[in-house]
>>> print(open('final07.pdb').read())   # PDB, C-alpha atoms
ATOM      1  CA  MET A 124      -1.172  87.634 121.351
ATOM      2  CA  SER A 125       1.241  88.191 124.202
ATOM      3  CA  ALA A 126       3.852  90.930 124.076
ATOM      4  CA  LEU A 127       7.419  89.916 123.345
ATOM      5  CA  SER A 128       9.835  89.842 126.222
ATOM      6  CA  ASP A 129      12.860  92.139 126.261
ATOM      7  CA  ASP A 130      15.126  89.272 125.192
ATOM      8  CA  GLU A 131      12.778  88.309 122.377
ATOM      9  CA  GLN A 132      12.589  91.897 121.165
ATOM     10  CA  LEU A 133      16.387  92.129 121.271
ATOM     11  CA  ASN A 134      16.792  88.938 119.263
ATOM     12  CA  SER A 135      14.190  90.119 116.773
ATOM     13  CA  LEU A 136      16.016  93.418 116.383
ATOM     14  CA  LYS A 137      19.296  91.614 115.749
ATOM     15  CA  ASP A 138      17.659  89.382 113.132
ATOM     16  CA  ASN A 139      16.097  92.347 111.345
ATOM     17  CA  THR A 140      19.347  94.268 111.459
ATOM     18  CA  LYS A 141      21.177  91.365 109.802
ATOM     19  CA  LYS A 142      18.429  91.019 107.212
ATOM     20  CA  TYR A 143      17.706  94.639 106.394
ATOM     21  CA  GLY A 144      20.705  96.564 107.722
ATOM     22  CA  SER A 145      22.514  97.014 104.409
ATOM     23  CA  ALA A 146      19.354  98.220 102.682
ATOM     24  CA  VAL A 147      18.732 100.790 105.403
ATOM     25  CA  VAL A 148      22.297 102.069 105.242
ATOM     26  CA  SER A 149      22.224 102.172 101.448
ATOM     27  CA  GLY A 150      19.016 104.208 101.622
ATOM     28  CA  VAL A 151      20.749 106.789 103.782
ATOM     29  CA  LEU A 152      23.668 106.978 101.353
ATOM     30  CA  VAL A 153      21.352 107.410  98.378
ATOM     31  CA  ALA A 154      19.776 110.336 100.210
ATOM     32  CA  LEU A 155      23.233 111.796 100.733
ATOM     33  CA  ILE A 156      23.993 111.501  97.042
ATOM     34  CA  ALA A 157      20.766 113.270  96.122
ATOM     35  CA  TYR A 158      21.842 116.077  98.413
ATOM     36  CA  PHE A 159      25.367 116.319  97.027
ATOM     37  CA  GLY A 160      24.455 115.853  93.408
ATOM     38  CA  TRP A 161      27.052 113.093  93.067
ATOM     39  CA  THR A 162      26.207 109.635  91.752
ATOM     40  CA  TYR A 163      29.236 107.663  92.844
ATOM     41  CA  TRP A 164      27.540 106.119  95.865
ATOM     42  CA  GLN A 165      24.564 104.896  93.858
ATOM     43  CA  LYS A 166      26.786 102.027  92.736
ATOM     44  CA  ASN A 167      27.993 101.054  96.166
ATOM     45  CA  GLN A 168      26.642  99.709  99.432
ATOM     46  CA  LEU A 169      28.051 100.311 102.851
ATOM     47  CA  ALA A 170      27.408  98.433 106.081
ATOM     48  CA  ALA A 171      27.661 100.596 109.203
ATOM     49  CA  ALA A 172      26.583 100.711 112.815
ATOM     50  CA  GLN A 173      23.051 101.984 113.432
ATOM     51  CA  LEU A 174      24.288 104.687 115.767
ATOM     52  CA  GLU A 175      26.711 105.998 113.159
ATOM     53  CA  THR A 176      24.017 106.005 110.490
ATOM     54  CA  ALA A 177      21.592 107.790 112.812
ATOM     55  CA  LYS A 178      24.133 110.561 113.371
ATOM     56  CA  VAL A 179      24.607 111.022 109.647
ATOM     57  CA  GLN A 180      20.837 111.229 109.210
ATOM     58  CA  GLN A 181      20.669 113.771 112.012
ATOM     59  CA  LEU A 182      23.302 115.831 110.262
ATOM     60  CA  MET A 183      21.369 115.727 107.015
ATOM     61  CA  ASP A 184      18.205 116.868 108.769
ATOM     62  CA  GLN A 185      20.079 119.785 110.314
ATOM     63  CA  ALA A 186      21.706 120.752 107.023
ATOM     64  CA  ALA A 187      18.405 120.732 105.127
ATOM     65  CA  SER A 188      17.112 123.727 107.074
ATOM     66  CA  LEU A 189      20.413 125.345 107.997
ATOM     67  CA  ASP A 190      20.935 129.068 107.665
ATOM     68  CA  VAL A 191      24.704 129.199 107.097
ATOM     69  CA  LYS A 192      24.748 132.805 108.269
ATOM     70  CA  ASP A 193      23.467 131.633 111.671
ATOM     71  CA  ALA A 194      26.726 131.125 113.547
ATOM     72  CA  ASN A 195      25.150 129.026 116.290
ATOM     73  CA  ALA A 196      23.462 126.695 113.800
ATOM     74  CA  TRP A 197      26.653 126.351 111.791
ATOM     75  CA  ASN A 198      28.716 125.615 114.901
ATOM     76  CA  SER A 199      26.206 122.989 116.010
ATOM     77  CA  LEU A 200      26.329 121.296 112.623
ATOM     78  CA  THR A 201      30.122 121.400 112.571
ATOM     79  CA  LYS A 202      30.271 119.917 116.064
ATOM     80  CA  THR A 203      28.069 116.990 115.069
ATOM     81  CA  ALA A 204      30.137 116.353 111.962
ATOM     82  CA  ASP A 205      33.405 116.558 113.875
ATOM     83  CA  GLU A 206      32.126 114.025 116.403
ATOM     84  CA  ILE A 207      31.544 111.542 113.596
ATOM     85  CA  VAL A 208      35.024 112.189 112.199
ATOM     86  CA  LYS A 209      36.582 111.753 115.625
ATOM     87  CA  LYS A 210      34.733 108.532 116.447
ATOM     88  CA  TYR A 211      34.862 106.985 112.970
ATOM     89  CA  PRO A 212      37.871 108.692 111.307
ATOM     90  CA  ASP A 213      38.256 106.173 108.503
ATOM     91  CA  SER A 214      34.608 105.688 107.619
ATOM     92  CA  ALA A 215      32.717 106.776 104.537
ATOM     93  CA  GLN A 216      30.224 108.552 106.784
ATOM     94  CA  ALA A 217      32.976 110.747 108.212
ATOM     95  CA  ILE A 218      33.951 111.840 104.721
ATOM     96  CA  GLN A 219      30.334 112.397 103.697
ATOM     97  CA  THR A 220      29.721 114.692 106.662
ATOM     98  CA  GLN A 221      32.646 116.864 105.612
ATOM     99  CA  PHE A 222      31.454 116.804 102.004
ATOM    100  CA  MET A 223      28.183 118.231 103.274
ATOM    101  CA  LEU A 224      29.877 120.970 105.291
ATOM    102  CA  ALA A 225      32.148 121.803 102.372
ATOM    103  CA  LYS A 226      29.217 122.092  99.973
ATOM    104  CA  LEU A 227      27.274 124.357 102.296
ATOM    105  CA  ALA A 228      30.325 126.574 102.790
ATOM    106  CA  TYR A 229      31.222 126.587  99.089
ATOM    107  CA  ASP A 230      27.702 127.574  98.067
ATOM    108  CA  GLN A 231      27.982 130.557 100.404
ATOM    109  CA  GLY A 232      31.327 131.580  98.913
ATOM    110  CA  ASN A 233      33.219 130.593 102.053
ATOM    111  CA  TYR A 234      35.913 128.634 100.251
ATOM    112  CA  ALA A 235      38.305 128.628 103.195
ATOM    113  CA  ALA A 236      35.685 126.870 105.337
ATOM    114  CA  ALA A 237      35.060 124.378 102.539
ATOM    115  CA  GLU A 238      38.768 123.593 102.334
ATOM    116  CA  LYS A 239      39.007 123.268 106.102
ATOM    117  CA  ALA A 240      36.170 120.746 106.197
ATOM    118  CA  LEU A 241      37.684 118.608 103.460
ATOM    119  CA  LYS A 242      41.146 118.653 104.984
ATOM    120  CA  LYS A 243      39.765 117.070 108.159
ATOM    121  CA  VAL A 244      39.314 113.824 106.255
ATOM    122  CA  GLU A 245      41.981 114.241 103.570
ATOM    123  CA  HIS A 246      44.133 111.471 105.025
ATOM    124  CA  SER A 247      41.307 109.048 105.762
ATOM    125  CA  LYS A 248      42.198 105.383 105.377
ATOM    126  CA  VAL A 249      38.703 104.471 104.249
ATOM    127  CA  ASP A 250      38.724 101.375 102.072
ATOM    128  CA  ASP A 251      37.312 103.118  99.018
ATOM    129  CA  GLN A 252      39.717 104.897  96.713
ATOM    130  CA  GLY A 253      36.908 106.286  94.590
ATOM    131  CA  LEU A 254      35.663 108.305  97.519
ATOM    132  CA  ILE A 255      39.185 109.596  98.188
ATOM    133  CA  GLN A 256      39.478 110.659  94.551
ATOM    134  CA  LEU A 257      36.261 112.669  94.893
ATOM    135  CA  LEU A 258      37.646 114.232  98.044
ATOM    136  CA  LYS A 259      40.807 115.378  96.246
ATOM    137  CA  LEU A 260      38.771 116.873  93.407
ATOM    138  CA  ARG A 261      36.508 118.853  95.731
ATOM    139  CA  LEU A 262      39.514 119.984  97.744
ATOM    140  CA  ALA A 263      41.267 121.206  94.606
ATOM    141  CA  TYR A 264      38.305 123.349  93.556
ATOM    142  CA  SER A 265      38.021 124.903  97.006
ATOM    143  CA  GLN A 266      41.731 125.762  96.758
ATOM    144  CA  LEU A 267      41.388 127.107  93.219
ATOM    145  CA  ALA A 268      38.579 129.390  94.389
ATOM    146  CA  GLN A 269      41.066 130.893  96.860
ATOM    147  CA  ASN A 270      43.772 131.303  94.197
ATOM    148  CA  LYS A 271      45.858 128.603  95.875
ATOM    149  CA  TYR A 272      46.993 127.319  92.518
ATOM    150  CA  ASP A 273      49.970 125.205  93.549
ATOM    151  CA  GLU A 274      47.993 123.547  96.338
ATOM    152  CA  ALA A 275      45.151 122.817  93.936
ATOM    153  CA  LEU A 276      47.562 121.219  91.471
ATOM    154  CA  LYS A 277      49.040 119.118  94.264
ATOM    155  CA  SER A 278      45.578 117.876  95.252
ATOM    156  CA  LEU A 279      44.766 117.041  91.637
ATOM    157  CA  SER A 280      48.032 115.175  91.152
ATOM    158  CA  ALA A 281      46.746 112.653  93.703
ATOM    159  CA  VAL A 282      43.817 111.799  91.416
ATOM    160  CA  THR A 283      45.160 108.858  89.460
ATOM    161  CA  ASP A 284      42.205 106.500  89.143
ATOM    162  CA  PRO A 285      41.252 106.270  85.418
ATOM    163  CA  ALA A 286      37.591 106.774  86.311
ATOM    164  CA  PHE A 287      38.374 110.254  87.660
ATOM    165  CA  LYS A 288      41.481 111.202  85.668
ATOM    166  CA  ALA A 289      39.621 113.075  82.918
ATOM    167  CA  THR A 290      37.858 115.212  85.514
ATOM    168  CA  ALA A 291      41.169 115.905  87.225
ATOM    169  CA  ASP A 292      42.826 116.856  83.937
ATOM    170  CA  GLU A 293      40.021 119.280  83.146
ATOM    171  CA  ALA A 294      40.357 120.772  86.616
ATOM    172  CA  MET A 295      44.096 121.136  86.059
ATOM    173  CA  GLY A 296      43.312 123.020  82.872
ATOM    174  CA  ASP A 297      41.112 125.372  84.885
ATOM    175  CA  VAL A 298      43.952 125.971  87.335
ATOM    176  CA  TYR A 299      46.459 126.679  84.563
ATOM    177  CA  VAL A 300      44.039 129.098  82.906
ATOM    178  CA  ALA A 301      43.759 130.927  86.215
ATOM    179  CA  LYS A 302      47.570 131.010  86.352
ATOM    180  CA  ASN A 303      47.598 132.295  82.753
ATOM    181  CA  ASP A 304      49.712 129.308  81.720
ATOM    182  CA  ILE A 305      47.876 128.656  78.455
ATOM    183  CA  ALA A 306      50.300 126.062  77.108
ATOM    184  CA  LYS A 307      49.803 123.772  80.114
ATOM    185  CA  ALA A 308      46.067 124.493  80.109
ATOM    186  CA  LYS A 309      45.818 123.277  76.511
ATOM    187  CA  LYS A 310      47.746 120.106  77.349
ATOM    188  CA  ALA A 311      45.557 119.342  80.362
ATOM    189  CA  TYR A 312      42.312 120.046  78.521
ATOM    190  CA  MET A 313      43.368 117.900  75.551
ATOM    191  CA  SER A 314      44.216 115.011  77.881
ATOM    192  CA  ALA A 315      40.736 115.261  79.353
ATOM    193  CA  TRP A 316      39.213 115.587  75.888
ATOM    194  CA  ASP A 317      40.889 112.434  74.575
ATOM    195  CA  ALA A 318      39.659 110.449  77.575
ATOM    196  CA  LEU A 319      36.076 111.685  77.280
ATOM    197  CA  LEU A 320      36.060 111.165  73.529
ATOM    198  CA  GLU A 321      37.163 107.568  73.982
ATOM    199  CA  ARG A 322      34.458 106.961  76.587
ATOM    200  CA  LYS A 323      31.845 108.814  74.522
ATOM    201  CA  GLN A 324      30.937 110.962  77.516
ATOM    202  CA  GLU A 325      29.489 114.464  77.466
ATOM    203  CA  ARG A 326      32.139 117.087  76.722
ATOM    204  CA  GLN A 327      30.373 120.207  75.439
ATOM    205  CA  ILE A 328      31.645 122.370  78.289
ATOM    206  CA  LEU A 329      35.180 121.067  77.808
ATOM    207  CA  GLN A 330      34.927 121.907  74.117
ATOM    208  CA  ILE A 331      34.103 125.503  75.026
ATOM    209  CA  LYS A 332      37.065 125.594  77.417
ATOM    210  CA  LEU A 333      39.358 124.328  74.660
ATOM    211  CA  GLU A 334      38.091 126.970  72.269
ATOM    212  CA  SER A 335      38.728 129.623  74.937
ATOM    213  CA  VAL A 336      42.436 128.712  74.894
ATOM    214  CA  GLY A 337      42.591 128.608  71.118
ATOM    215  CA  VAL A 338      42.065 124.900  70.432
ATOM    216  CA  LEU A 339      39.329 123.963  67.964
ATOM    217  CA  VAL A 340      38.245 120.323  68.157
ATOM    218  CA  ASP A 341      35.987 118.569  65.705
ATOM    219  CA  ASP A 342      33.328 116.524  67.439
ATOM    220  CA  PRO A 343      30.610 115.220  65.105
ATOM    221  CA  GLU A 344      28.725 113.681  68.026
ATOM    222  CA  ILE A 345      27.900 117.113  69.451
ATOM    223  CA  GLU A 346      24.903 118.769  67.829
ATOM    224  CA  ARG A 347      25.807 122.417  67.401
ATOM    225  CA  PRO A 348      23.766 123.969  64.549
ATOM    226  CA  VAL A 349      20.864 125.119  66.750
ATOM    227  CA  LEU A 350      21.285 128.777  65.773
ATOM    228  CA  GLU A 351      21.764 127.862  62.105
ATOM    229  CA  THR A 352      18.542 125.866  62.106
ATOM    230  CA  GLN A 353      16.689 128.773  63.616
ATOM    231  CA  MET A 354      18.124 131.094  60.974
ATOM    232  CA  ASP A 355      17.040 128.750  58.154
ATOM    233  CA  GLU A 356      13.488 128.646  59.481
ATOM    234  CA  SER A 357      13.167 132.415  59.839
TER     235      SER A 357
END
>>> encode(input="final07.pdb", output="structure tokens")
Amino acid sequence: MSALSDDEQLNSLKDNTKKYGSAVVSGVLVALIAYFGWTYWQKNQLAAAQLETAKVQQLMDQAASLDVKDANAWNSLTKTADEIVKKYPDSAQAIQTQFMLAKLAYDQGNYAAAEKALKKVEHSKVDDQGLIQLLKLRLAYSQLAQNKYDEALKSLSAVTDPAFKATADEAMGDVYVAKNDIAKAKKAYMSAWDALLERKQERQILQIKLESVGVLVDDPEIERPVLETQMDES
């Protein structure tokens, strides 16, 4: 069998890209979600240029073995991420790169660096409001960790999508607790509680938060008598 000519190889590549491109890109995004611990992107597909996707993959590879305390390694990673943001400012990949930087910084207790990374894409015009809502939530927690309460509340006020509102309300409760404004904390937590109760979503941690501010909620769907059962058996 004769080798394909350059033109034939090029045409074959184009055909394969059209046929398999979305699957390849989706695979990269699924890998990103596994890294971040977020599931939002498992329900979405994104078509992107191969070069852009390759840069995101390169960034992931760097991050997997990064020693955040190594200034040179961190600067190299930041440079790669910033290049993606600069070239594709309104892309999902640009936001994902900053999510990655923010997570690495946050895990190391460098909340200012996490906030800085997220702010680089805060005003992205990406055509996916769900991703922007996640961005605002992560930004708020990086601000809360720095005791920037008013800024955190401002970030959370931008979370209006019903799918994320309960999470934002719970985060607001956390901010108000930190501010020692218990009345507003109760209101925010109860708003989150009502939403989660209606959706029948997990809310054990929120129940503990409510109890910490003096609100006892009855939730028959949560199995609580573990200690009592152990006592009966002993």
>>> atom_distance(input="final07.pdb", atom1="CA of Ala186 (chain A)", atom2="CA of Thr201 (chain A)")
10.1 Å
>>> closest_residue(input="final07.pdb", among="A:Gly253, A:Pro285, A:Gly232, A:Pro212", to="Ala318 (chain A)", atoms="all atoms listed in the file")
A:Pro285
>>> closest_atom_pairs(input="final07.pdb", of="region 196-280 of chain A", to="region 295-305 of chain A", cutoff="10 Å", atoms="all atoms listed in the file", output="CSV")
residue,atom,partner,partner_atom,distance
A:Ala263,CA,A:Met295,CA,9.0
A:Tyr264,CA,A:Val298,CA,8.8
A:Gln266,CA,A:Val298,CA,9.7
A:Leu267,CA,A:Val298,CA,6.5
A:Ala268,CA,A:Val298,CA,9.5
A:Asn270,CA,A:Ala301,CA,8.0
A:Lys271,CA,A:Val298,CA,9.1
A:Tyr272,CA,A:Val298,CA,6.2
A:Asp273,CA,A:Val298,CA,8.7
A:Ala275,CA,A:Val298,CA,7.4
A:Leu276,CA,A:Met295,CA,6.4
A:Lys277,CA,A:Met295,CA,9.8
A:Ser278,CA,A:Met295,CA,9.9
A:Leu279,CA,A:Met295,CA,7.0
A:Ser280,CA,A:Met295,CA,8.8
>>> resolve_selection(input="final07.pdb", expression="the PyMOL selection byres ((chain A and resi 218) around 9)", output="PyMOL selection string")
chain A and resi 208+212-217+219-223+241+243-245+247+249+254-255+258
>>> atom_distance(input="final07.pdb", atom1="CA of Asn198 (chain A)", atom2="CA of Lys239 (chain A)")
13.7 Å
